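Beneath this line is the structure, given in structure tokens, with notes to follow.
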Amino acid sequence: MFDFFKVQKVSHESTKVALAKDFENIPAISVYFKNSTGIDFEDQKIIFKSKVTSFCRTHKISSFATCLQHIQSDKILHQELTDYLTTNESYFDRELHQIEELTQKIKSSSKNVKILCAPSAHGEEPYSIVIALLSAGVQESRFHVTGIDISLNAIRSAQKAIYNEKAVRNLSQDIRKRYFTKKEDKYHLNQEVKDKVTFMCINIFESEFQKLQKFDYIFSRNMLIYFDTKTRLKAQSLFKSHLVDENEEIYYGHADLTHLHH
Ligand SMILES: C[S@@+](CC[C@H](N)C(=O)[O-])C[C@H]1O[C@@H](n2cnc3c(N)ncnc32)[C@H](O)[C@@H]1O
């Protein structure tokens, strides 16, 4: 990892020490990152430092202070760091019971519904909802899903909708045959399912999120776990204000619920 410093190695010992020091003051970046994304690396300081160091090396940035300046002024670099630091792990039919519950609710009413998945990662969750609704015979004109995520990489990959075996491991052979086309070892989601989801790269703490319409149902699974208590409460209240009916239950992940304060 520290090969990077060798590139800058200079003959003078005192200058070498000064360069190493440039990669010591990580808290400023972690505070800035937490304030802008909500993601808290307090319990993973070593991982955070090592990842930011490797990010600096890739981008030929010579110190954490310079890195902070760059990410504050350069939106593209800020996005690249966000993409690099977020964990976008997901898979189809994760915590399926909630998707089944939603399907029953929608099936038993005649209302048209709008559903939000925040965060959507690579699309597995919103697409699982679409597949469940179509498989249950809900007319495709009755629903639409919006998937948002702070990671642009994840959003781009969601729009492509090409998955490996690991992502579809919970899906039956029937579902795979019906909704995917297999090419070599990849599963390409069919257009019929893709058309039912709109993806947007949005940070829930920024004004773009406020501007979104209200939704009948909201899924927010496995994101709050990355936030501290204060930020979780803020996110919960943002989601509540985006419900058509404020009394409707928001679908949080099992792991989120163990952290939530009601
Ligand atoms: C582990 S994934 C969860 C995906 C899916 N909901 C699931 O449960 O499988 C967490 C996602 O939260 C996203 N995320 C983190 N902070 C965010 C924020 N402030 N706004 C929007 N998305 C965020 C990350 O980019 C990441 O893709």
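Every chain in the structure tokens takes a letter, A first, then B, and so on in the order presented; its residues are numbered from 1, and the ligands are numbered from 1 following the presented order.
The shell of residues at most 7 Å from range 63-78 of chain A, with only C-alpha atoms counted and near chain neighbours (fewer than 3 positions) removed, consists of A:Asp22, A:Phe23, A:Asn25, A:Ile26, A:Ile29, A:Cys56, A:Leu81, A:Thr82.
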Going by DSSP on the backbone, which bits of range 60-242 of chain A are strand (DSSP E)? Write them as an NGL selection string, please. :A and (113-117 or 143-149 or 162-163 or 180-183 or 186-189 or 197-201 or 217-220)
Taking only C-alpha atoms and all ligand atoms into account, report as JSON, numbers by chain which residues have an atom no farther than 6 Å from an atom of ligand 1. {"A": [37, 38, 39, 86, 87, 88, 89, 90, 91, 119, 120, 121, 125, 149, 150, 151, 202, 203, 204, 205, 220, 221, 222, 223]}
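Each of A:Leu116, A:Met200, A:Leu233, A:Leu133 was compared to Ile218 in chain A using only C-alpha atoms, and A:Leu116 turns out to be the nearest.
From CA of Lys51 in chain A back to CA of Glu206 in chain A, the distance works out to 24.5 Å.
Checking A:Asp256, A:Ser50, A:Cys201, A:Lys240 one by one against Asp228 in chain A, counting only C-alpha atoms, you find the shortest gap at A:Asp256.
Straight-line separation from CA of Lys114 in chain A to CA of Gln159 in chain A: 18.7 Å.
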Using only C-alpha atoms, the best pick from A:Ile129, A:Leu212, A:Ile61, A:Val138 as closest to Asn112 in chain A would be A:Val138
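Nearest-residue note for Tyr187 in chain A: choosing from A:Asp216, A:Asp93, A:Glu124, A:Glu24, the minimum distance belongs to A:Glu124, counting only C-alpha atoms.
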I need the helix (DSSP H, G or I) residues of range 53-181 of chain A per DSSP on the backbone, written as a PyMOL selection string. chain A and resi 53-58+64-73+75-85+96-107+124-135+140-142+152-160+173-179
Exercise: Lys214 in chain A partners within 8 Å, only C-alpha atoms, chain neighbours under 5 positions left out, as number ranges by chain: A: 241-244
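For the residues A:Tyr179, A:Tyr252, A:Tyr217, A:Phe227, ranking by smallest atom-to-atom distance to Leu102 in chain A using only C-alpha atoms places A:Tyr217 first.
The spacing separating CA of His144 in chain A from CA of Val197 in chain A amounts to 6.3 Å.
Among the candidate residues A:Val130, A:Val168, A:Val52, A:Ala235, the one lying nearest to Arg94 in chain A is A:Val168, with distances computed using only C-alpha atoms.
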